[in-house]
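> Structure file my_file_38.tsv, TSV, C-alpha atoms and all ligand atoms, is pasted below:
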chain	number	residue	atom	x	y	z
Z	1	MET	CA	101.86	114.11	115.26
Z	2	SER	CA	103.25	114.78	111.80
Z	3	VAL	CA	104.22	113.22	108.47
Z	4	LEU	CA	107.96	113.01	107.79
Z	5	ILE	CA	109.25	113.11	104.22
Z	6	TYR	CA	112.82	112.16	103.34
Z	7	ALA	CA	113.92	114.72	100.74
Z	8	GLU	CA	116.52	112.85	98.70
Z	9	ASN	CA	119.19	114.81	96.85
Z	10	ALA	CA	121.65	113.84	94.15
Z	11	GLY	CA	124.95	115.71	94.36
Z	12	GLY	CA	123.36	118.38	96.58
Z	13	LYS	CA	120.37	119.00	94.30
Z	14	PHE	CA	116.86	117.79	94.96
Z	15	LYS	CA	115.43	115.57	92.25
Z	16	LYS	CA	112.06	115.82	90.52
Z	17	SER	CA	111.03	112.58	92.24
Z	18	THR	CA	111.72	114.29	95.58
Z	19	PHE	CA	109.32	117.14	94.75
Z	20	GLU	CA	106.72	114.55	93.73
Z	21	ALA	CA	107.20	112.71	97.03
Z	22	ILE	CA	106.90	115.94	99.05
Z	23	SER	CA	103.71	116.95	97.21
Z	24	TYR	CA	102.38	113.44	97.85
Z	25	ALA	CA	103.37	113.58	101.54
Z	26	LYS	CA	101.68	116.98	101.84
Z	27	ALA	CA	98.43	115.52	100.49
Z	28	ILE	CA	98.69	112.67	103.04
Z	29	ALA	CA	99.32	115.16	105.86
Z	30	GLU	CA	96.23	117.14	104.79
Z	31	GLN	CA	94.12	113.99	104.74
Z	32	ALA	CA	95.41	113.01	108.18
Z	33	GLY	CA	94.91	116.57	109.46
Z	34	THR	CA	98.54	117.01	110.47
Z	35	ASN	CA	101.65	118.93	109.42
Z	36	LEU	CA	104.55	117.95	107.16
Z	37	VAL	CA	108.21	117.89	108.18
Z	38	ALA	CA	111.00	117.23	105.67
Z	39	ILE	CA	114.43	115.82	106.41
Z	40	SER	CA	117.43	116.39	104.15
Z	41	ILE	CA	120.75	114.60	104.63
Z	42	GLY	CA	124.00	115.82	103.06
Z	43	ASP	CA	125.22	119.11	101.66
Z	44	VAL	CA	122.33	121.10	100.19
Z	45	ALA	CA	122.36	124.89	99.70
Z	46	PRO	CA	120.26	126.76	102.31
Z	47	GLY	CA	118.07	128.29	99.57
Z	48	ASP	CA	117.20	124.85	98.22
Z	49	LEU	CA	116.27	123.65	101.73
Z	50	THR	CA	113.96	126.64	102.30
Z	51	ALA	CA	112.42	126.07	98.87
Z	52	LEU	CA	111.08	122.70	100.06
Z	53	GLY	CA	108.38	124.78	101.73
Z	54	LYS	CA	106.98	125.48	98.25
Z	55	TYR	CA	105.95	121.84	98.07
Z	56	GLY	CA	104.36	121.76	101.50
Z	57	ALA	CA	107.11	121.15	104.10
Z	58	GLU	CA	106.47	123.53	106.99
Z	59	LYS	CA	109.72	122.52	108.68
Z	60	VAL	CA	112.92	121.22	107.11
Z	61	LEU	CA	115.40	119.27	109.25
Z	62	ASN	CA	118.90	119.64	107.87
Z	63	VAL	CA	121.40	116.90	108.68
Z	64	SER	CA	124.83	118.06	107.66
Z	65	ASN	CA	127.44	115.63	108.91
Z	66	ASP	CA	130.70	114.73	107.15
Z	67	LYS	CA	130.13	111.01	107.70
Z	68	LEU	CA	126.76	111.26	105.96
Z	69	LYS	CA	127.95	113.14	102.88
Z	70	ASN	CA	127.62	110.01	100.75
Z	71	PHE	CA	124.58	107.76	100.88
Z	72	VAL	CA	124.90	104.88	103.39
Z	73	ASN	CA	121.75	102.77	103.60
Z	74	GLN	CA	121.88	101.74	107.26
Z	75	ALA	CA	123.09	105.10	108.58
Z	76	TYR	CA	120.53	107.11	106.60
Z	77	ALA	CA	117.76	104.77	107.78
Z	78	SER	CA	118.87	105.30	111.41
Z	79	VAL	CA	118.84	109.08	111.01
Z	80	ILE	CA	115.41	109.15	109.34
Z	81	ALA	CA	113.92	106.78	111.95
Z	82	GLU	CA	115.41	108.89	114.75
Z	83	ALA	CA	113.93	112.06	113.22
Z	84	ALA	CA	110.54	110.36	112.96
Z	85	LYS	CA	110.69	109.49	116.67
Z	86	VAL	CA	111.77	113.00	117.71
Z	87	GLN	CA	109.05	114.61	115.56
Z	88	GLY	CA	106.42	112.11	116.67
Z	89	ALA	CA	105.84	111.29	112.99
Z	90	ASP	CA	103.84	108.11	112.50
Z	91	ILE	CA	103.97	108.24	108.69
Z	92	VAL	CA	107.30	108.37	106.84
Z	93	VAL	CA	107.21	109.05	103.10
Z	94	LEU	CA	110.06	108.72	100.63
Z	95	SER	CA	110.61	108.20	96.94
Z	96	ASN	CA	110.77	104.59	95.72
Z	97	SER	CA	114.06	105.49	94.04
Z	98	PHE	CA	117.12	103.23	94.01
Z	99	SER	CA	118.12	104.45	97.50
Z	100	GLY	CA	114.50	104.71	98.67
Z	101	ARG	CA	114.00	101.02	97.92
Z	102	GLY	CA	116.88	100.21	100.27
Z	103	LEU	CA	115.78	102.65	102.96
Z	104	ALA	CA	112.06	101.87	103.23
Z	105	PRO	CA	112.36	98.36	104.75
Z	106	ARG	CA	115.18	99.43	107.07
Z	107	ILE	CA	113.17	102.37	108.39
Z	108	GLY	CA	110.22	99.99	108.68
Z	109	VAL	CA	112.20	97.67	110.96
Z	110	LYS	CA	113.51	100.53	113.11
Z	111	LEU	CA	110.03	102.02	113.59
Z	112	GLN	CA	108.17	98.69	113.72
Z	113	ALA	CA	106.20	100.09	110.82
Z	114	GLY	CA	104.25	98.49	107.99
Z	115	VAL	CA	105.83	99.35	104.63
Z	116	ALA	CA	104.09	100.06	101.31
Z	117	ASP	CA	106.82	100.41	98.71
Z	118	GLY	CA	106.07	101.23	95.08
Z	119	ALA	CA	102.95	103.26	95.97
Z	120	VAL	CA	101.21	104.64	92.88
Z	121	ALA	CA	98.29	106.55	94.39
Z	122	LEU	CA	97.38	108.52	97.48
Z	123	PRO	CA	96.53	106.33	100.48
Z	124	VAL	CA	92.87	106.17	101.44
Z	125	ILE	CA	92.53	107.05	105.12
Z	126	GLU	CA	88.99	106.15	106.17
Z	127	GLY	CA	87.32	104.68	109.23
Z	128	GLY	CA	90.66	104.12	110.96
Z	129	LYS	CA	91.98	102.23	107.92
Z	130	PHE	CA	95.02	103.21	105.86
Z	131	THR	CA	95.12	101.53	102.45
Z	132	VAL	CA	97.58	102.13	99.63
Z	133	LYS	CA	97.62	101.06	95.98
Z	134	LYS	CA	101.09	99.82	95.05
Z	135	THR	CA	102.87	97.79	92.41
Z	136	ALA	CA	103.31	94.09	93.15
Z	137	PHE	CA	105.26	91.17	91.69
Z	138	SER	CA	107.99	93.39	90.21
Z	139	GLY	CA	105.49	95.73	88.58
Z	140	LYS	CA	103.42	92.99	86.88
Z	141	ALA	CA	100.34	93.73	89.02
Z	142	PHE	CA	98.86	96.25	91.42
Z	143	ALA	CA	97.87	95.45	94.99
Z	144	THR	CA	95.88	97.46	97.50
Z	145	VAL	CA	97.40	96.88	100.92
Z	146	GLU	CA	96.21	97.96	104.33
Z	147	LEU	CA	98.87	99.13	106.78
Z	148	THR	CA	97.55	98.17	110.19
Z	149	SER	CA	100.61	99.14	112.27
Z	150	ALA	CA	100.67	102.41	114.22
Z	151	ASN	CA	103.73	103.60	112.26
Z	152	LYS	CA	103.74	103.50	108.47
Z	153	VAL	CA	106.32	103.87	105.71
Z	154	VAL	CA	105.19	104.71	102.17
Z	155	ALA	CA	107.59	104.83	99.21
Z	156	LEU	CA	106.18	106.59	96.14
Z	157	THR	CA	106.96	105.31	92.62
Z	158	PRO	CA	108.58	108.19	90.65
Z	159	ASN	CA	106.30	109.78	88.02
Z	160	SER	CA	103.14	108.59	89.81
Z	161	TYR	CA	102.15	111.84	91.49
Z	162	LYS	CA	102.18	115.39	90.21
Z	163	VAL	CA	104.34	118.12	91.72
Z	164	VAL	CA	102.17	120.71	93.47
Z	165	GLU	CA	103.70	124.10	94.26
Z	166	SER	CA	102.58	126.93	96.51
Z	167	ALA	CA	104.14	130.22	97.55
Z	168	ALA	CA	105.21	129.05	101.03
Z	169	ALA	CA	108.76	128.65	102.38
Z	170	GLY	CA	109.97	126.04	104.86
Z	171	GLN	CA	111.64	126.87	108.14
Z	172	VAL	CA	115.06	125.18	108.23
Z	173	GLU	CA	116.41	123.67	111.47
Z	174	ASP	CA	119.67	121.80	112.01
Z	175	PHE	CA	119.12	118.25	113.17
Z	176	ALA	CA	122.14	116.84	114.99
Z	177	VAL	CA	122.53	113.08	115.14
Z	178	GLU	CA	124.91	110.68	116.85
Z	179	THR	CA	126.13	108.17	114.27
Z	180	LYS	CA	126.91	104.56	115.25
Z	181	GLU	CA	129.98	102.80	113.84
Z	182	SER	CA	127.84	99.73	113.21
Z	183	ASP	CA	125.80	101.74	110.67
Z	184	PHE	CA	128.85	102.17	108.46
Z	185	LYS	CA	129.84	98.53	108.05
Z	186	ALA	CA	128.50	98.34	104.51
Z	187	MET	CA	129.02	101.40	102.36
Z	188	ILE	CA	127.90	102.02	98.79
Z	189	LYS	CA	130.28	104.12	96.77
Z	190	ASP	CA	128.22	106.44	94.63
Z	191	ILE	CA	129.80	106.97	91.26
Z	192	VAL	CA	128.41	110.13	89.69
Z	193	ARG	CA	128.95	110.64	86.00
Z	194	SER	CA	129.41	114.16	84.82
Z	195	THR	CA	126.81	114.36	82.07
Z	196	ASP	CA	124.23	116.76	80.77
Z	197	LYS	CA	121.95	113.90	79.79
Z	198	VAL	CA	118.51	113.45	81.35
Z	199	SER	CA	118.71	111.23	84.46
Z	200	LEU	CA	117.08	107.86	83.78
Z	201	PRO	CA	114.96	107.42	86.95
Z	202	ASP	CA	113.52	110.94	86.60
Z	203	ALA	CA	113.02	110.95	82.83
Z	204	GLU	CA	109.56	111.56	81.41
Z	205	ILE	CA	110.58	109.92	78.13
Z	206	VAL	CA	112.93	106.93	77.84
Z	207	VAL	CA	114.37	105.58	74.58
Z	208	SER	CA	115.58	102.07	75.24
Z	209	ALA	CA	117.22	99.50	73.00
Z	210	GLY	CA	118.16	95.85	73.15
Z	211	ARG	CA	120.16	93.17	71.41
Z	212	GLY	CA	118.23	93.80	68.21
Z	213	LEU	CA	120.56	96.75	67.60
Z	214	LYS	CA	123.39	94.26	66.96
Z	215	GLY	CA	126.25	96.25	68.50
Z	216	PRO	CA	127.36	99.40	70.34
Z	217	GLU	CA	128.31	101.10	67.07
Z	218	ASN	CA	124.58	101.41	66.25
Z	219	TRP	CA	123.57	103.42	69.34
Z	220	GLY	CA	124.10	106.73	67.56
Z	221	MET	CA	120.50	106.68	66.27
Z	222	VAL	CA	119.15	105.79	69.72
Z	223	GLU	CA	121.01	108.73	71.24
Z	224	GLU	CA	119.92	111.04	68.44
Z	225	LEU	CA	116.24	110.17	68.94
Z	226	ALA	CA	116.62	110.56	72.72
Z	227	GLU	CA	118.24	113.96	72.34
Z	228	LEU	CA	115.51	115.19	69.99
Z	229	LEU	CA	112.82	114.07	72.45
Z	230	GLY	CA	114.64	115.28	75.59
Z	231	ALA	CA	114.69	111.66	76.71
Z	232	ALA	CA	117.02	109.45	78.72
Z	233	THR	CA	118.57	106.38	77.11
Z	234	ALA	CA	118.20	102.89	78.56
Z	235	CYS	CA	118.95	99.32	77.53
Z	236	SER	CA	118.20	95.66	78.24
Z	237	LYS	CA	120.42	93.63	80.58
Z	238	PRO	CA	122.33	91.64	77.91
Z	239	VAL	CA	123.29	94.91	76.26
Z	240	SER	CA	124.92	96.25	79.43
Z	241	ASP	CA	126.35	92.82	80.30
Z	242	ALA	CA	128.08	92.82	76.90
Z	243	GLY	CA	129.51	96.25	77.66
Z	244	TRP	CA	127.68	97.90	74.74
Z	245	ARG	CA	126.15	100.39	77.19
Z	246	PRO	CA	126.93	101.34	80.82
Z	247	HIS	CA	125.25	99.36	83.60
Z	248	SER	CA	123.60	102.56	84.80
Z	249	GLU	CA	121.29	102.26	81.73
Z	250	HIS	CA	120.13	98.71	82.45
Z	251	VAL	CA	116.40	98.62	83.24
Z	252	GLY	CA	114.33	95.75	84.53
Z	253	GLN	CA	113.99	93.47	87.51
Z	254	THR	CA	117.71	93.51	88.25
Z	255	GLY	CA	118.28	97.05	87.00
Z	256	ILE	CA	116.57	100.39	87.37
Z	257	ALA	CA	112.76	100.50	87.51
Z	258	VAL	CA	111.34	103.35	85.44
Z	259	SER	CA	107.82	104.66	84.96
Z	260	PRO	CA	108.09	107.45	82.39
Z	261	ASN	CA	105.20	108.95	80.47
Z	262	LEU	CA	106.62	107.40	77.29
Z	263	TYR	CA	108.86	104.31	76.97
Z	264	ILE	CA	110.14	103.50	73.48
Z	265	ALA	CA	111.56	99.96	73.24
Z	266	ILE	CA	113.67	99.21	70.17
Z	267	GLY	CA	114.81	95.68	69.38
Z	268	ILE	CA	113.93	94.38	72.85
Z	269	SER	CA	112.04	91.08	73.06
Z	270	GLY	CA	110.03	91.94	76.20
Z	271	ALA	CA	111.18	89.20	78.59
Z	272	ILE	CA	109.34	89.29	81.94
Z	273	GLN	CA	112.50	90.39	83.72
Z	274	HIS	CA	112.71	93.44	81.44
Z	275	LEU	CA	108.99	94.21	81.69
Z	276	ALA	CA	109.24	94.08	85.49
Z	277	GLY	CA	111.12	97.37	85.43
Z	278	VAL	CA	109.17	99.21	82.73
Z	279	SER	CA	105.57	98.01	82.67
Z	280	SER	CA	104.27	100.88	84.81
Z	281	SER	CA	105.26	103.34	82.03
Z	282	LYS	CA	102.22	105.37	80.96
Z	283	VAL	CA	102.60	104.76	77.20
Z	284	ILE	CA	104.76	102.01	75.68
Z	285	VAL	CA	105.87	102.05	72.04
Z	286	VAL	CA	107.55	98.91	70.71
Z	287	ILE	CA	109.66	98.63	67.56
Z	288	ASN	CA	110.55	95.04	66.73
Z	289	LYS	CA	110.93	93.13	63.48
Z	290	ASP	CA	109.26	90.04	64.99
Z	291	ALA	CA	105.47	90.50	65.15
Z	292	GLU	CA	105.35	87.71	67.77
Z	293	ALA	CA	107.76	89.48	70.19
Z	294	PRO	CA	106.17	89.35	73.68
Z	295	PHE	CA	106.71	93.12	74.17
Z	296	PHE	CA	103.82	93.79	71.74
Z	297	LYS	CA	101.39	92.30	74.30
Z	298	VAL	CA	101.98	95.22	76.68
Z	299	ALA	CA	102.51	97.88	73.99
Z	300	ASP	CA	100.15	100.80	73.49
Z	301	TYR	CA	101.61	101.32	70.01
Z	302	GLY	CA	103.67	98.87	68.02
Z	303	ILE	CA	105.74	99.09	64.84
Z	304	VAL	CA	106.64	95.76	63.26
Z	305	GLY	CA	109.77	96.54	61.30
Z	306	ASP	CA	113.53	96.60	61.13
Z	307	ALA	CA	114.94	99.14	63.59
Z	308	PHE	CA	117.57	100.11	61.03
Z	309	GLU	CA	114.81	101.26	58.68
Z	310	VAL	CA	112.26	102.52	61.22
Z	311	LEU	CA	114.56	104.62	63.42
Z	312	PRO	CA	116.00	106.89	60.68
Z	313	LYS	CA	112.41	107.56	59.49
Z	314	LEU	CA	111.25	108.27	63.05
Z	315	ILE	CA	114.19	110.64	63.63
Z	316	ALA	CA	113.44	112.46	60.37
Z	317	ALA	CA	109.75	112.76	61.31
Z	318	VAL	CA	110.56	114.15	64.79
Z	319	LYS	CA	112.97	116.66	63.21
Z	320	GLU	CA	110.26	117.81	60.85
Z	321	TYR	CA	107.66	118.12	63.59
S	1	LIG	P1	116.82	89.39	72.87
S	1	LIG	O1	116.01	88.51	73.72
S	1	LIG	O2	117.91	88.76	72.08
S	1	LIG	O3	115.79	90.14	71.91
S	1	LIG	C1	116.19	90.94	70.84
S	1	LIG	C2	114.93	91.40	70.14
S	1	LIG	O4	115.30	92.26	69.08
S	1	LIG	C3	114.09	90.28	69.53
S	1	LIG	O5	112.75	90.41	69.94
S	1	LIG	C4	114.23	90.48	68.03
S	1	LIG	O6	113.04	90.13	67.32
S	1	LIG	C5	114.49	91.97	67.95
S	1	LIG	N1	115.28	92.37	66.77
S	1	LIG	C6	116.36	91.76	66.25
S	1	LIG	N2	116.82	92.46	65.21
S	1	LIG	C7	116.00	93.53	65.08
S	1	LIG	C8	115.96	94.61	64.17
S	1	LIG	N3	116.87	94.76	63.18
S	1	LIG	N4	114.97	95.53	64.31
S	1	LIG	C9	114.04	95.41	65.28
S	1	LIG	N5	114.03	94.39	66.15
S	1	LIG	C10	115.01	93.47	66.06
S	1	LIG	N6	116.73	91.57	81.16
S	1	LIG	C11	116.54	92.90	81.24
S	1	LIG	O7	116.41	93.59	80.21
S	1	LIG	N7	116.51	93.52	82.46
S	1	LIG	C12	116.66	92.85	83.63
S	1	LIG	O8	116.64	93.47	84.70
S	1	LIG	C13	116.84	91.44	83.57
S	1	LIG	N8	116.98	90.74	84.71
S	1	LIG	C14	117.10	89.37	84.62
S	1	LIG	C15	117.17	88.61	85.79
S	1	LIG	C16	117.26	87.24	85.72
S	1	LIG	C17	117.32	86.45	86.99
S	1	LIG	C18	117.29	86.60	84.46
S	1	LIG	C19	117.37	85.10	84.36
S	1	LIG	C20	117.25	87.33	83.30
S	1	LIG	C21	117.16	88.73	83.36
S	1	LIG	N9	117.09	89.50	82.20
S	1	LIG	C22	116.89	90.84	82.30
S	1	LIG	C23	117.32	88.91	80.86
S	1	LIG	C24	115.98	88.65	80.13
S	1	LIG	O9	115.48	87.38	80.50
S	1	LIG	C25	116.20	88.68	78.62
S	1	LIG	O10	117.17	87.72	78.29
S	1	LIG	C26	116.64	90.03	78.07
S	1	LIG	O11	115.75	91.05	78.51
S	1	LIG	C27	116.64	90.00	76.55
S	1	LIG	O12	117.22	91.18	76.08
S	1	LIG	P2	116.88	91.70	74.61
S	1	LIG	O13	115.42	91.80	74.47
S	1	LIG	O14	117.71	92.92	74.39
S	1	LIG	O15	117.51	90.57	73.69
Please re-express this file's structure in structure tokens.


Amino acid sequence: MSVLIYAENAGGKFKKSTFEAISYAKAIAEQAGTNLVAISIGDVAPGDLTALGKYGAEKVLNVSNDKLKNFVNQAYASVIAEAAKVQGADIVVLSNSFSGRGLAPRIGVKLQAGVADGAVALPVIEGGKFTVKKTAFSGKAFATVELTSANKVVALTPNSYKVVESAAAGQVEDFAVETKESDFKAMIKDIVRSTDKVSLPDAEIVVSAGRGLKGPENWGMVEELAELLGAATACSKPVSDAGWRPHSEHVGQTGIAVSPNLYIAIGISGAIQHLAGVSSSKVIVVINKDAEAPFFKVADYGIVGDAFEVLPKLIAAVKEY
């Protein structure tokens, strides 16, 4: 018996959310009194694979196959489910990232497993019960669910669990898989932007702006504040629909879900569809000129004021700090 963690990489590099998920999976394995096996798919440097041991993976299965170089939902799910069967793993853990959200239910079907996606805390394993706290209703509520099936899939919300390191190293093994043509019927083409900016799903601070900024020409101050804070930039859906910002920055129910330590919302009304993707942020700061804007109801700190006056002052204050 073991716990299997899918170690997701982006362009051959493991992400912070992957280290969080491995640390989380290690804690589950310790609770269950079993060992932790990681699986990596795609081209990752041998040193980076071995380093997964630092986060608790005793064994690292390396799947290096030309057909699996780019992420393909169905094919990746087949490989991970197959690895779980071969390893006798009854718990599969992965990050509730964009790809993790597509993989979790597919792995669940293949393993006949109960799925807890959007997990925000360690499962409680007690008296034969396995319960997990997770987000529900697009992040508007939390639910504690019991997984009663023999196999279980748990997808961890990024930024919900701390990275825990040790001095260990993982033992890397090649894991050969037969791929089925039927797994490649629908392919997602991953478009990677070459940028030195902080990646949005992994960011600890997000500076986000909406239609209140009036037009794309005014995003300079948003970017300046983000750069000063080491933050990623994000936006509301209408802003990306209008082409003011790239779609990769759109957060919310139909965009990326984020849960940074700090979310700064500028000129965003706080519609439920927007809140669905950001409400699990640890601290929310809202800047809006309308004191009745719904976003203030979920804000930890609010500034009622014109963004064009508030932002330059905020930038000056951060520079001084
Ligand atoms: P607005 O609603 O126009 O709000 C602009 C805000 O800026 C206002 O509160 C205003 O008071 C404030 N403002 C104006 N001028 C200033 C100023 N000078 N200084 C400070 N504040 C100012 N939206 C998302 O964001 N993400 C989603 O994933 C998403 N999915 C959706 C899915 C569906 C099925 C549907 C129907 C809608 C979805 N939406 C989504 C759209 C959502 O309902 C809202 O329309 C959208 O979030 C509003 O964007 P906004 O707050 O930028 O714009």

> So which residues fall inside 7 Å of (93.8, 97.6, 101.0) if we count all atoms listed in the file? Mind giving them as a list of chain:residue names?

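Output of the proximity query reads Z:Thr131, Z:Val132, Z:Thr144, Z:Val145, Z:Glu146.
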
> Write out as number ranges by chain the residues lying within 12 Å of Gln87 (chain Z), counting all atoms listed in the file and excluding same-chain residues fewer than 5 positions away.

Z: 1-5, 34-39, 59-61, 80-82, 92, 175

> Please return as a list in words the residues found within 6 Å of ligand LIG 1 (chain S), counting all atoms listed in the file.

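After applying the 6 Å limit, what remains is Gly210, Arg211, Gly212, Ser236, Lys237, Pro238, Val251, Gly252, Gln253, Thr254, Gly255, Gly267, Ile268, Ser269, Gly270, Ala271, Gln273, His274, Ile287, Asn288, Lys289, Asp290, Ala293, Gly305, Asp306, Ala307 and Phe308 of chain Z.
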
> Which residues are near region 72-79 of chain Z? Cut-off 6 Å, all atoms listed in the file, ignore same chain within fewer than 2 positions. Put them as a PyMOL selection string.

chain Z and resi 81-82+103+106-107+183+187

> Could you check the closest approach to Ser259 (chain Z) for each of Z:Phe19, Z:Tyr161, Z:Phe71, Z:Tyr6 and tell me which residue wins, using all atoms listed in the file?

Z:Tyr161

> Would you kindly identify which residues have an atom no farther than 6 Å from (104.0, 108.7, 80.8), using only C-alpha atoms and the file's own coordinates, and write them out as a ChimeraX atom specification?

/Z:260-262,281-283

> What is the distance, in Å and to one decimal place, between CA of Thr179 (chain Z) and CA of Ser149 (chain Z)?

27.1 Å

> Select, from Z:Ala291, Z:Val109, Z:Ala7, Z:Val318, the residue with the minimum atom-to-atom distance to Lys152 (chain Z), counting all atoms listed in the file.

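Ranked by minimum distance to Lys152 (chain Z), first place goes to Z:Val109.
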
> Hey, which of Z:Gln31, Z:Ser248, Z:Ser240, Z:Asn96 ends up closest to Ile125 (chain Z)? Count all atoms listed in the file.

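Counting all atoms listed in the file, the residue closest to Ile125 (chain Z) is Z:Gln31.
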